[in-house]
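Printed here is query16.cif (mmCIF, C-alpha atoms):
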data_upload
loop_
_atom_site.label_atom_id
_atom_site.label_comp_id
_atom_site.auth_asym_id
_atom_site.auth_seq_id
_atom_site.Cartn_x
_atom_site.Cartn_y
_atom_site.Cartn_z
CA MET A 1 -2.75 3.40 -32.11
CA THR A 2 -1.91 7.06 -31.48
CA GLU A 3 0.42 8.10 -28.67
CA ASP A 4 -2.55 9.70 -26.89
CA GLN A 5 -4.53 6.46 -27.04
CA HIS A 6 -1.52 4.54 -25.74
CA ILE A 7 -1.28 6.87 -22.71
CA GLN A 8 -5.05 6.69 -22.24
CA ALA A 9 -4.87 2.89 -22.15
CA ILE A 10 -2.25 3.04 -19.38
CA LEU A 11 -4.27 5.65 -17.47
CA ARG A 12 -7.34 3.40 -17.57
CA LEU A 13 -5.36 0.59 -15.99
CA GLY A 14 -4.41 3.03 -13.24
CA ASP A 15 -7.99 4.28 -12.83
CA ASP A 16 -9.44 0.77 -12.44
CA THR A 17 -6.93 -0.19 -9.79
CA LEU A 18 -6.98 3.12 -7.91
CA VAL A 19 -10.78 3.33 -7.66
CA LEU A 20 -11.19 -0.27 -6.49
CA GLY A 21 -8.19 0.07 -4.16
CA GLN A 22 -9.73 3.17 -2.58
CA ARG A 23 -13.10 1.45 -2.18
CA LEU A 24 -11.56 -1.65 -0.60
CA SER A 25 -9.39 0.36 1.77
CA ALA A 26 -12.61 1.48 3.48
CA TRP A 27 -12.91 -2.10 4.82
CA CYS A 28 -9.80 -1.55 6.94
CA GLY A 29 -11.02 -1.79 10.53
CA HIS A 30 -14.49 -2.99 9.42
CA GLY A 31 -13.85 -6.54 8.19
CA PRO A 32 -16.21 -9.23 9.53
CA ILE A 33 -13.25 -11.04 11.10
CA LEU A 34 -9.64 -10.01 11.64
CA GLU A 35 -8.24 -12.20 8.83
CA GLU A 36 -10.70 -10.69 6.35
CA ASP A 37 -9.94 -7.19 7.48
CA ILE A 38 -6.28 -7.89 6.76
CA ALA A 39 -6.98 -9.70 3.49
CA LEU A 40 -9.09 -6.87 2.05
CA SER A 41 -6.60 -4.23 3.21
CA ASN A 42 -3.73 -6.21 1.65
CA THR A 43 -5.69 -6.44 -1.59
CA ALA A 44 -6.35 -2.70 -1.51
CA LEU A 45 -2.64 -2.08 -1.01
CA ASP A 46 -1.72 -4.25 -4.00
CA LEU A 47 -4.22 -2.40 -6.19
CA ILE A 48 -3.09 1.05 -5.12
CA GLY A 49 0.51 -0.03 -5.72
CA GLN A 50 -0.42 -1.13 -9.22
CA ALA A 51 -2.18 2.20 -9.78
CA ARG A 52 0.94 4.09 -8.68
CA ASN A 53 3.03 2.19 -11.21
CA PHE A 54 0.59 2.81 -14.06
CA TYR A 55 0.17 6.50 -13.19
CA THR A 56 3.92 7.04 -12.90
CA LEU A 57 4.38 5.46 -16.31
CA ALA A 58 1.51 7.46 -17.88
CA ALA A 59 2.88 10.69 -16.39
CA ALA A 60 6.35 9.99 -17.78
CA ARG A 61 4.95 9.22 -21.21
CA GLU A 62 2.71 12.30 -21.47
CA ASN A 63 5.57 14.45 -20.16
CA GLN A 64 3.39 17.38 -19.04
CA GLY A 65 4.91 17.85 -15.63
CA ARG A 66 2.28 15.73 -13.86
CA ASP A 67 3.14 12.86 -11.54
CA GLU A 68 1.23 9.96 -9.94
CA ASP A 69 -0.26 12.25 -7.27
CA LYS A 70 -1.43 14.85 -9.79
CA LEU A 71 -3.17 12.13 -11.76
CA ALA A 72 -4.80 10.60 -8.70
CA PHE A 73 -5.78 13.74 -6.79
CA PHE A 74 -6.16 16.55 -9.30
CA ARG A 75 -8.40 15.04 -11.95
CA SER A 76 -12.20 15.28 -11.74
CA ASP A 77 -14.82 12.54 -12.04
CA ARG A 78 -15.28 13.03 -15.78
CA ASP A 79 -11.55 12.48 -16.32
CA PHE A 80 -11.60 9.04 -14.69
CA GLN A 81 -12.14 6.15 -17.08
CA ASN A 82 -12.54 3.21 -14.71
CA HIS A 83 -15.23 0.58 -15.20
CA LEU A 84 -18.46 1.45 -13.34
CA LEU A 85 -18.39 -1.82 -11.37
CA LEU A 86 -15.38 -0.63 -9.39
CA GLU A 87 -16.80 2.67 -8.13
CA LEU A 88 -19.98 1.20 -6.60
CA PRO A 89 -20.32 1.48 -2.83
CA ASN A 90 -18.98 -1.53 -0.91
CA GLY A 91 -22.41 -2.72 0.25
CA HIS A 92 -22.24 -5.70 2.60
CA PHE A 93 -19.38 -8.20 2.66
CA GLY A 94 -21.09 -10.40 0.04
CA ASP A 95 -21.45 -7.44 -2.36
CA THR A 96 -17.77 -6.60 -1.98
CA ILE A 97 -16.73 -10.23 -2.52
CA VAL A 98 -18.87 -10.56 -5.66
CA ARG A 99 -17.33 -7.39 -7.08
CA GLN A 100 -13.87 -8.80 -6.29
CA PHE A 101 -14.88 -12.06 -7.91
CA PHE A 102 -16.03 -10.42 -11.16
CA PHE A 103 -13.12 -7.99 -11.37
CA SER A 104 -10.32 -10.34 -10.28
CA ALA A 105 -11.26 -12.88 -12.97
CA PHE A 106 -11.19 -10.05 -15.52
CA ALA A 107 -8.00 -8.35 -14.27
CA LEU A 108 -6.16 -11.65 -13.93
CA GLU A 109 -6.80 -12.57 -17.57
CA ARG A 110 -6.03 -9.02 -18.69
CA TYR A 111 -2.67 -9.10 -16.86
CA VAL A 112 -1.85 -12.48 -18.42
CA PHE A 113 -2.11 -10.78 -21.82
CA LEU A 114 -0.38 -7.54 -20.78
CA SER A 115 2.56 -9.39 -19.23
CA ARG A 116 3.16 -11.27 -22.50
CA GLN A 117 2.61 -8.55 -25.11
CA LEU A 118 5.74 -7.19 -26.75
CA MET A 119 4.50 -3.72 -27.65
CA ASP A 120 5.32 -2.01 -24.34
CA ALA A 121 7.99 -3.55 -22.10
CA GLU A 122 7.22 -1.26 -19.16
CA VAL A 123 3.54 -2.17 -19.13
CA ALA A 124 4.60 -5.83 -19.34
CA GLY A 125 6.88 -5.35 -16.32
CA ILE A 126 4.12 -3.85 -14.17
CA ALA A 127 1.64 -6.47 -15.36
CA SER A 128 3.88 -9.44 -14.63
CA LYS A 129 4.19 -8.30 -11.02
CA ALA A 130 0.49 -7.48 -10.75
CA LEU A 131 -0.43 -10.84 -12.23
CA LYS A 132 1.10 -12.67 -9.28
CA GLU A 133 -0.83 -10.46 -6.87
CA LEU A 134 -4.08 -11.02 -8.78
CA GLN A 135 -3.66 -14.80 -8.46
CA TYR A 136 -4.11 -14.31 -4.74
CA HIS A 137 -7.02 -11.89 -5.15
CA TRP A 138 -8.84 -14.26 -7.48
CA GLU A 139 -8.29 -17.28 -5.27
CA HIS A 140 -9.46 -15.35 -2.21
CA SER A 141 -12.72 -14.18 -3.81
CA ALA A 142 -13.43 -17.54 -5.48
CA GLN A 143 -13.07 -19.37 -2.15
CA TRP A 144 -15.50 -16.95 -0.53
CA ILE A 145 -18.03 -17.34 -3.35
CA ILE A 146 -18.01 -21.11 -2.76
CA ARG A 147 -18.17 -20.76 1.02
CA LEU A 148 -21.05 -18.25 0.92
CA GLY A 149 -22.95 -19.91 -1.94
CA ASP A 150 -22.63 -23.42 -0.56
CA GLY A 151 -22.98 -22.23 3.03
CA THR A 152 -26.21 -21.52 4.88
CA GLU A 153 -29.53 -20.61 3.30
CA GLU A 154 -29.01 -17.05 4.47
CA SER A 155 -25.51 -16.69 3.00
CA HIS A 156 -26.60 -18.40 -0.23
CA ASN A 157 -29.54 -16.05 -0.74
CA LYS A 158 -27.54 -12.97 0.10
CA VAL A 159 -24.65 -13.69 -2.25
CA GLN A 160 -27.06 -14.77 -5.01
CA GLN A 161 -28.74 -11.39 -4.66
CA SER A 162 -25.33 -9.64 -4.85
CA ILE A 163 -24.59 -11.50 -8.08
CA HIS A 164 -27.92 -10.34 -9.53
CA ASP A 165 -27.36 -6.77 -8.38
CA LEU A 166 -23.90 -6.48 -9.92
CA TRP A 167 -24.43 -8.52 -13.08
CA SER A 168 -25.45 -5.55 -15.22
CA TYR A 169 -22.04 -3.99 -14.51
CA THR A 170 -20.09 -6.91 -16.03
CA GLY A 171 -20.99 -6.20 -19.67
CA GLU A 172 -18.89 -3.06 -19.83
CA LEU A 173 -15.73 -5.03 -19.07
CA PHE A 174 -15.91 -6.61 -22.53
CA GLU A 175 -17.24 -3.73 -24.63
CA ALA A 176 -14.42 -2.41 -26.79
CA ASP A 177 -14.33 1.29 -27.67
CA GLU A 178 -11.85 3.03 -30.02
CA VAL A 179 -8.99 2.89 -27.52
CA ASP A 180 -9.52 -0.83 -26.87
CA GLN A 181 -9.81 -1.51 -30.59
CA ALA A 182 -6.68 0.51 -31.48
CA GLY A 183 -4.80 -1.12 -28.59
CA PHE A 184 -5.84 -4.56 -29.76
CA GLU A 185 -4.75 -3.85 -33.34
CA ALA A 186 -1.40 -2.52 -32.11
CA GLY A 187 -0.87 -5.62 -29.97
CA LEU A 188 -0.92 -3.76 -26.65
CA LEU A 189 -4.40 -4.68 -25.37
CA PRO A 190 -6.22 -8.03 -25.34
CA ASN A 191 -9.08 -9.05 -27.58
CA LEU A 192 -12.04 -8.46 -25.23
CA GLU A 193 -14.15 -11.12 -26.98
CA LEU A 194 -11.57 -13.78 -26.16
CA LEU A 195 -11.19 -12.37 -22.67
CA ARG A 196 -14.93 -12.77 -22.16
CA ASP A 197 -14.62 -16.50 -22.94
CA THR A 198 -11.91 -17.14 -20.35
CA TRP A 199 -13.78 -14.95 -17.87
CA ASN A 200 -16.98 -16.94 -18.43
CA THR A 201 -15.14 -20.21 -17.83
CA ARG A 202 -13.71 -18.99 -14.53
CA ILE A 203 -17.02 -17.53 -13.34
CA ASP A 204 -19.20 -20.47 -14.43
CA ASP A 205 -16.91 -23.11 -12.89
CA CYS A 206 -16.90 -21.35 -9.57
CA LEU A 207 -20.63 -20.54 -9.53
CA GLN A 208 -21.39 -24.19 -10.17
CA LYS A 209 -19.22 -25.30 -7.26
CA ALA A 210 -20.95 -22.67 -5.13
CA THR A 211 -24.46 -23.89 -6.15
CA LEU A 212 -25.20 -20.37 -7.42
CA GLN A 213 -27.12 -19.34 -10.54
CA ARG A 214 -25.57 -17.29 -13.30
CA PRO A 215 -28.04 -14.50 -14.15
CA GLU A 216 -29.46 -14.09 -17.64
CA ASP A 217 -27.68 -11.42 -19.65
CA GLY A 218 -29.90 -8.36 -19.90
CA TRP A 219 -29.42 -4.64 -20.27
CA MET A 220 -25.87 -3.69 -19.31
CA GLN A 221 -24.63 -0.51 -17.63
CA ARG A 222 -21.95 1.38 -19.55
CA GLY A 223 -20.16 4.71 -19.63
CA GLY A 224 -17.19 4.44 -17.27
CA LYS A 225 -14.61 4.32 -20.03
CA GLN A 226 -16.15 7.48 -21.54
CA GLY A 227 -16.05 9.28 -18.19
CA ILE A 228 -19.82 9.04 -17.69
CA HIS A 229 -20.03 7.70 -14.16
CA SER A 230 -22.58 6.89 -11.49
CA GLU A 231 -22.99 9.54 -8.79
CA HIS A 232 -21.01 7.31 -6.42
CA LEU A 233 -17.63 8.08 -7.99
CA SER A 234 -17.91 11.82 -7.35
CA TYR A 235 -18.53 11.34 -3.64
CA MET A 236 -15.67 8.88 -3.40
CA LEU A 237 -13.27 11.23 -5.17
CA ALA A 238 -14.39 14.17 -3.03
CA GLU A 239 -13.40 12.25 0.08
CA MET A 240 -10.18 10.92 -1.44
CA GLN A 241 -9.03 14.22 -2.93
CA ILE A 242 -10.07 16.81 -0.37
CA LEU A 243 -6.78 16.98 1.51
CA PRO A 244 -4.36 17.48 -1.41
CA ARG A 245 -6.85 19.82 -3.13
CA THR A 246 -7.29 21.96 -0.04
CA TYR A 247 -3.61 21.95 0.89
CA PRO A 248 -1.71 21.31 -2.35
CA ASP A 249 1.64 21.74 -0.62
CA ALA A 250 0.90 19.37 2.26
CA SER A 251 3.55 16.72 2.82
CA TRP A 252 4.10 13.95 5.34
CA MET B 1 27.37 0.08 1.82
CA VAL B 2 24.25 -1.25 0.14
CA ARG B 3 24.80 -4.51 2.01
CA THR B 4 24.24 -2.77 5.35
CA VAL B 5 20.67 -1.67 4.52
CA ASN B 6 17.93 -3.71 6.15
CA ASP B 7 14.38 -4.40 5.10
CA PRO B 8 12.24 -2.34 7.54
CA GLU B 9 9.56 -5.07 7.61
CA LEU B 10 12.10 -7.86 8.19
CA PRO B 11 14.88 -6.00 9.98
CA TYR B 12 17.06 -9.10 10.40
CA LEU B 13 17.41 -9.32 6.60
CA THR B 14 19.31 -7.02 4.28
CA VAL B 15 17.89 -5.80 0.98
CA GLU B 16 20.66 -7.78 -0.72
CA GLU B 17 19.55 -11.02 0.96
CA MET B 18 15.99 -10.24 -0.12
CA GLY B 19 17.19 -10.18 -3.73
CA MET B 20 15.88 -6.65 -4.19
CA VAL B 21 19.18 -5.08 -5.29
CA ARG B 22 19.57 -5.85 -8.97
CA GLY B 23 22.89 -4.13 -9.43
CA VAL B 24 25.16 -1.18 -8.69
CA SER B 25 26.67 0.75 -11.58
CA LEU B 26 28.61 3.89 -12.29
CA GLN B 27 26.86 6.16 -14.77
CA GLU B 28 28.71 9.40 -15.60
CA ASP B 29 30.25 9.83 -12.13
CA GLN B 30 26.98 8.88 -10.44
CA ILE B 31 26.48 5.67 -8.47
CA VAL B 32 23.18 4.09 -9.49
CA VAL B 33 21.66 1.34 -7.37
CA SER B 34 18.96 -0.65 -9.19
CA LEU B 35 16.18 -1.77 -6.87
CA THR B 36 13.22 -4.05 -7.62
CA PRO B 37 10.25 -3.78 -5.21
CA THR B 38 8.78 -7.01 -3.84
CA TYR B 39 5.08 -6.07 -4.16
CA SER B 40 3.47 -3.27 -6.20
CA GLY B 41 2.01 -1.70 -3.08
CA CYS B 42 4.72 -2.51 -0.56
CA PRO B 43 4.97 0.62 1.61
CA ALA B 44 8.52 -0.33 2.60
CA THR B 45 9.84 0.35 -0.90
CA ASP B 46 10.05 4.12 -0.43
CA VAL B 47 11.81 3.73 2.94
CA ILE B 48 14.26 1.23 1.46
CA SER B 49 15.11 3.62 -1.39
CA GLU B 50 15.79 6.41 1.07
CA ASP B 51 17.88 4.15 3.33
CA ILE B 52 20.02 2.98 0.42
CA GLU B 53 20.58 6.54 -0.79
CA LYS B 54 21.54 7.59 2.71
CA ALA B 55 23.96 4.68 3.12
CA VAL B 56 25.65 5.16 -0.24
CA ARG B 57 25.88 8.95 0.15
CA ALA B 58 27.85 8.41 3.34
CA VAL B 59 30.77 7.41 1.11
CA GLU B 60 29.89 8.98 -2.23
CA ALA B 61 27.64 12.03 -2.43
CA ASN B 62 26.61 11.54 -6.04
CA ALA B 63 24.28 8.56 -5.83
CA LYS B 64 20.71 7.64 -6.64
CA VAL B 65 18.35 4.68 -6.51
CA GLU B 66 16.62 3.61 -9.69
CA VAL B 67 13.49 1.47 -9.40
CA VAL B 68 13.44 -1.36 -11.93
CA LEU B 69 10.06 -3.08 -12.40
CA SER B 70 10.98 -5.56 -15.09
CA PRO B 71 11.73 -8.39 -14.65
CA ALA B 72 9.37 -8.57 -11.69
CA TRP B 73 10.79 -9.57 -8.32
CA THR B 74 10.31 -13.18 -7.31
CA THR B 75 10.96 -15.09 -4.09
CA ASP B 76 13.38 -17.21 -6.17
CA TRP B 77 15.87 -14.33 -5.79
CA ILE B 78 15.98 -14.52 -1.99
CA LEU B 79 19.47 -15.68 -0.91
CA PRO B 80 19.91 -18.97 1.03
CA SER B 81 21.27 -17.10 4.08
CA ALA B 82 17.90 -15.33 4.35
CA TYR B 83 16.09 -18.67 4.57
CA VAL B 84 18.17 -19.63 7.60
CA LYS B 85 17.51 -16.26 9.29
CA MET B 86 13.77 -16.43 8.55
CA ARG B 87 13.50 -19.83 10.24
CA GLU B 88 15.49 -18.53 13.24
CA HIS B 89 12.94 -15.74 13.59
CA GLY B 90 9.92 -18.02 13.40
CA LEU B 91 8.98 -17.13 9.83
CA ALA B 92 8.50 -20.05 7.43
CA PRO B 93 10.41 -19.20 4.22
CA PRO B 94 8.96 -19.67 0.72
CA GLU B 95 8.71 -23.28 -0.40
CA GLY B 96 9.39 -24.30 -3.99
CA ARG B 97 9.89 -22.20 -7.10
CA SER B 98 7.51 -19.43 -8.12
CA ALA B 99 7.30 -20.82 -11.67
CA ASP B 100 5.25 -23.71 -10.28
CA ARG B 101 1.63 -22.50 -10.30
CA ALA B 102 0.50 -24.98 -7.66
CA PHE B 103 3.25 -23.80 -5.34
CA LEU B 104 2.36 -20.17 -5.99
CA MET B 105 -1.19 -20.69 -4.81
CA GLY B 106 -0.28 -22.97 -1.93
CA GLN B 107 -2.13 -25.90 -3.44
CA GLY B 108 -0.84 -29.22 -2.14
CA LYS B 109 2.05 -27.41 -0.53
CA ILE B 110 3.35 -28.37 2.88
CA ILE B 111 4.79 -25.53 4.94
CA PRO B 112 6.77 -26.95 7.88
CA CYS B 113 6.38 -25.24 11.25
CA PRO B 114 9.49 -23.08 11.86
CA ARG B 115 9.38 -23.93 15.58
CA CYS B 116 8.89 -27.71 15.81
CA GLN B 117 9.45 -28.63 12.12
CA SER B 118 6.14 -30.50 12.07
CA LYS B 119 4.64 -30.84 8.62
CA ASN B 120 1.15 -30.99 10.08
CA THR B 121 0.19 -27.34 9.51
CA THR B 122 -2.88 -25.46 8.26
CA MET B 123 -3.22 -22.15 6.45
CA ILE B 124 -5.46 -19.73 8.35
CA SER B 125 -5.35 -16.89 5.84
CA ALA B 126 -3.45 -16.23 2.61
CA PHE B 127 -2.98 -12.63 3.76
CA GLY B 128 -0.83 -11.64 6.73
CA SER B 129 0.60 -8.65 8.56
CA THR B 130 2.42 -7.48 5.42
CA ALA B 131 1.72 -8.08 1.74
CA CYS B 132 4.39 -10.78 1.57
CA LYS B 133 3.18 -13.05 4.38
CA ALA B 134 0.42 -15.60 5.02
CA HIS B 135 -0.96 -16.86 8.35
CA PHE B 136 -0.46 -20.51 9.34
CA LYS B 137 -0.86 -22.57 12.46
CA CYS B 138 0.94 -25.71 13.54
CA ASN B 139 -1.38 -28.58 14.47
CA ASP B 140 1.27 -30.23 16.66
CA CYS B 141 2.83 -27.47 18.77
CA LEU B 142 -0.36 -25.37 18.25
CA GLU B 143 1.67 -22.21 17.68
CA PRO B 144 0.56 -19.76 14.97
CA PHE B 145 3.29 -18.68 12.58
CA GLU B 146 3.83 -16.61 9.46
CA HIS B 147 4.89 -17.88 6.06
CA PHE B 148 6.71 -15.82 3.44
CA LYS B 149 4.55 -16.38 0.38
CA CYS B 150 6.03 -17.76 -2.79
CA ILE B 151 5.52 -15.21 -5.54
#

Rewrite the coordinates I just gave you, this time as structure tokens.
Amino acid sequence: MTEDQHIQAILRLGDDTLVLGQRLSAWCGHGPILEEDIALSNTALDLIGQARNFYTLAAARENQGRDEDKLAFFRSDRDFQNHLLLELPNGHFGDTIVRQFFFSAFALERYVFLSRQLMDAEVAGIASKALKELQYHWEHSAQWIIRLGDGTEESHNKVQQSIHDLWSYTGELFEADEVDQAGFEAGLLPNLELLRDTWNTRIDDCLQKATLQRPEDGWMQRGGKQGIHSEHLSYMLAEMQILPRTYPDASW
Amino acid sequence: MVRTVNDPELPYLTVEEMGMVRGVSLQEDQIVVSLTPTYSGCPATDVISEDIEKAVRAVEANAKVEVVLSPAWTTDWILPSAYVKMREHGLAPPEGRSADRAFLMGQGKIIPCPRCQSKNTTMISAFGSTACKAHFKCNDCLEPFEHFKCI
């Protein structure tokens, strides 16, 4: 694994958590009930905190005078390498919960590996903290999947539709490119094939309890890790970045 | 001086009682305070760093705070005196050790009401007013209360 690939791997961890954190933060003040408003905002805060840690580490490693803010606010859509699933618009509450469900199962298992690997102690430190936070995120989304799936006919149909709509974005999570492969060989990143197995177990167990159907695997969306995004990311970044880009010297 | 700094979210507790201060050392004439944040996204971390720097600089100008992420902070590091103060302020402290997975997720865990000590309580939401707290209610005295999550 080259030094550039190592930094890229850390940046991707930051991109995943920043993009989802930014999306989720839009629920603040719009949650269906107060507790959910708070829960989703708390989750967003955890994710943005994780992103800050990964960006700060990546910036220190690349040593080009950038910091966490430069990486978050002064890179363009093509520079972001998050999974496509995370940049999709929030949709309704069920859509957001299904996205949380798919991603939390993935991120939880990924952090289990990252917290135990011996290749990069600083990544392990961030991951071991993030892992505890993800336990809560996973539990929260899994409980909602069961409640909505095994709830009323209306909630069941809606969340089943969300699962169908988002399914084609789950394949990319387990498709290894050169960075993933090099990271795996170096012992820094998990084997995505094995990760898929543990992910499947989590998802299938919960869907069964929720009386929901797992969709057939079909054509899968891809491109996020190569910087080829849906149009949604650009709009999200425009909104997120406009202030620091317009007033680069602005401070609190 | 570090002992005098309070947690802005739990002002009746000091950062030392919270187990966030990992050490104070002298490195080439500079006082370095090692601080471990409680949650990745806790907004209080920046304020705490500034407060510590301010407090230490009152006696020694050459000081800085160094954030240490590994090992990750755990509620196991909270000092016993903080547990007493949390209960006095109506906040149910963490129960059990973080190493216990079931305890971490609140499965089969009984959180006593900090007001009437009843063990007949229900979790309303795993997420509360700050990242570190969950919402509970007491089924006996009917009061809602907050619980400091085990992490």

Long-range neighbours of Ala72 in chain A as a ChimeraX atom specification, 9 Å cut-off, only C-alpha atoms, 2 positions minimum in chain: /A:14-15,18,51-52,55,67-70,74-75,241

Could you give me, as a CSV table (one decimal) with C-alpha atoms, keeping the file's coordinate frame, the residues that have an atom at most 9 Å away from the point (-18.7, -4.6, -17.8) in the coordinates of the file, using all atoms listed in the file?
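See selection.csv below for the written result:
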chain,number,residue,atom,x,y,z
A,83,HIS,CA,-15.2,0.6,-15.2
A,84,LEU,CA,-18.5,1.4,-13.3
A,85,LEU,CA,-18.4,-1.8,-11.4
A,167,TRP,CA,-24.4,-8.5,-13.1
A,168,SER,CA,-25.4,-5.6,-15.2
A,169,TYR,CA,-22.0,-4.0,-14.5
A,170,THR,CA,-20.1,-6.9,-16.0
A,171,GLY,CA,-21.0,-6.2,-19.7
A,172,GLU,CA,-18.9,-3.1,-19.8
A,173,LEU,CA,-15.7,-5.0,-19.1
A,174,PHE,CA,-15.9,-6.6,-22.5
A,175,GLU,CA,-17.2,-3.7,-24.6
A,220,MET,CA,-25.9,-3.7,-19.3
A,221,GLN,CA,-24.6,-0.5,-17.6
A,222,ARG,CA,-22.0,1.4,-19.6

Range 84-100 of chain B, all listed atoms, 3 Å padding on each side: what axis-aligned box centre and edge lengths in Å to one decimal come out, as lines of an AutoDock Vina configuration file?
center_x = 11.7
center_y = -20.0
center_z = 1.0
size_x = 18.9
size_y = 14.6
size_z = 31.3

Going by the chain IDs and residue numbers used in this file, which residues fall under the PyMOL selection byres ((chain A) within 9 of (chain B))? Write them as a VMD selection string. chain A and resid 35 to 36 38 to 40 42 to 53 121 to 122 124 to 130 132 to 133 135 to 136 139 to 140

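Here CA of Thr198 in chain A and CA of Thr2 in chain A stand 28.5 Å from one another.
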
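We find CA of Gly94 in chain A and CA of Gly29 in chain A to be spaced 16.9 Å apart.
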
May I have the residues within 7 Å of Ile78 in chain B as a ChimeraX atom specification, using all atoms listed in the file and disregarding those fewer than 3 positions away in the same chain? /B:17-19,75,82

Will you give me range 86-97 of chain A, written with N, CA and C atoms and laid out as a PDB file, in the first residue's frame?
ATOM      1  N   LEU A  86     -24.892   7.292   0.703  1.00  0.00           N
ATOM      2  CA  LEU A  86     -24.904   8.284   1.773  1.00  0.00           C
ATOM      3  C   LEU A  86     -25.270   9.682   1.302  1.00  0.00           C
ATOM      4  N   GLU A  87     -25.146   9.931  -0.008  1.00  0.00           N
ATOM      5  CA  GLU A  87     -25.405  11.287  -0.512  1.00  0.00           C
ATOM      6  C   GLU A  87     -26.840  11.455  -0.987  1.00  0.00           C
ATOM      7  N   LEU A  88     -27.621  10.376  -1.006  1.00  0.00           N
ATOM      8  CA  LEU A  88     -28.995  10.465  -1.519  1.00  0.00           C
ATOM      9  C   LEU A  88     -29.824  11.392  -0.631  1.00  0.00           C
ATOM     10  N   PRO A  89     -30.808  12.058  -1.219  1.00  0.00           N
ATOM     11  CA  PRO A  89     -31.667  12.914  -0.396  1.00  0.00           C
ATOM     12  C   PRO A  89     -32.349  12.099   0.710  1.00  0.00           C
ATOM     13  N   ASN A  90     -32.734  12.760   1.790  1.00  0.00           N
ATOM     14  CA  ASN A  90     -33.274  12.056   2.952  1.00  0.00           C
ATOM     15  C   ASN A  90     -34.580  11.320   2.674  1.00  0.00           C
ATOM     16  N   GLY A  91     -35.370  11.792   1.710  1.00  0.00           N
ATOM     17  CA  GLY A  91     -36.665  11.170   1.464  1.00  0.00           C
ATOM     18  C   GLY A  91     -37.568  11.303   2.677  1.00  0.00           C
ATOM     19  N   HIS A  92     -38.470  10.319   2.872  1.00  0.00           N
ATOM     20  CA  HIS A  92     -39.292  10.367   4.091  1.00  0.00           C
ATOM     21  C   HIS A  92     -38.561   9.642   5.210  1.00  0.00           C
ATOM     22  N   PHE A  93     -39.148   9.640   6.388  1.00  0.00           N
ATOM     23  CA  PHE A  93     -38.482   9.071   7.567  1.00  0.00           C
ATOM     24  C   PHE A  93     -38.058   7.615   7.322  1.00  0.00           C
ATOM     25  N   GLY A  94     -38.920   6.840   6.664  1.00  0.00           N
ATOM     26  CA  GLY A  94     -38.604   5.437   6.373  1.00  0.00           C
ATOM     27  C   GLY A  94     -37.372   5.316   5.482  1.00  0.00           C
ATOM     28  N   ASP A  95     -37.263   6.176   4.467  1.00  0.00           N
ATOM     29  CA  ASP A  95     -36.081   6.156   3.590  1.00  0.00           C
ATOM     30  C   ASP A  95     -34.813   6.410   4.398  1.00  0.00           C
ATOM     31  N   THR A  96     -34.880   7.425   5.259  1.00  0.00           N
ATOM     32  CA  THR A  96     -33.713   7.774   6.073  1.00  0.00           C
ATOM     33  C   THR A  96     -33.332   6.622   7.004  1.00  0.00           C
ATOM     34  N   ILE A  97     -34.339   5.988   7.605  1.00  0.00           N
ATOM     35  CA  ILE A  97     -34.062   4.881   8.533  1.00  0.00           C
ATOM     36  C   ILE A  97     -33.459   3.685   7.790  1.00  0.00           C
TER      37      ILE A  97
END
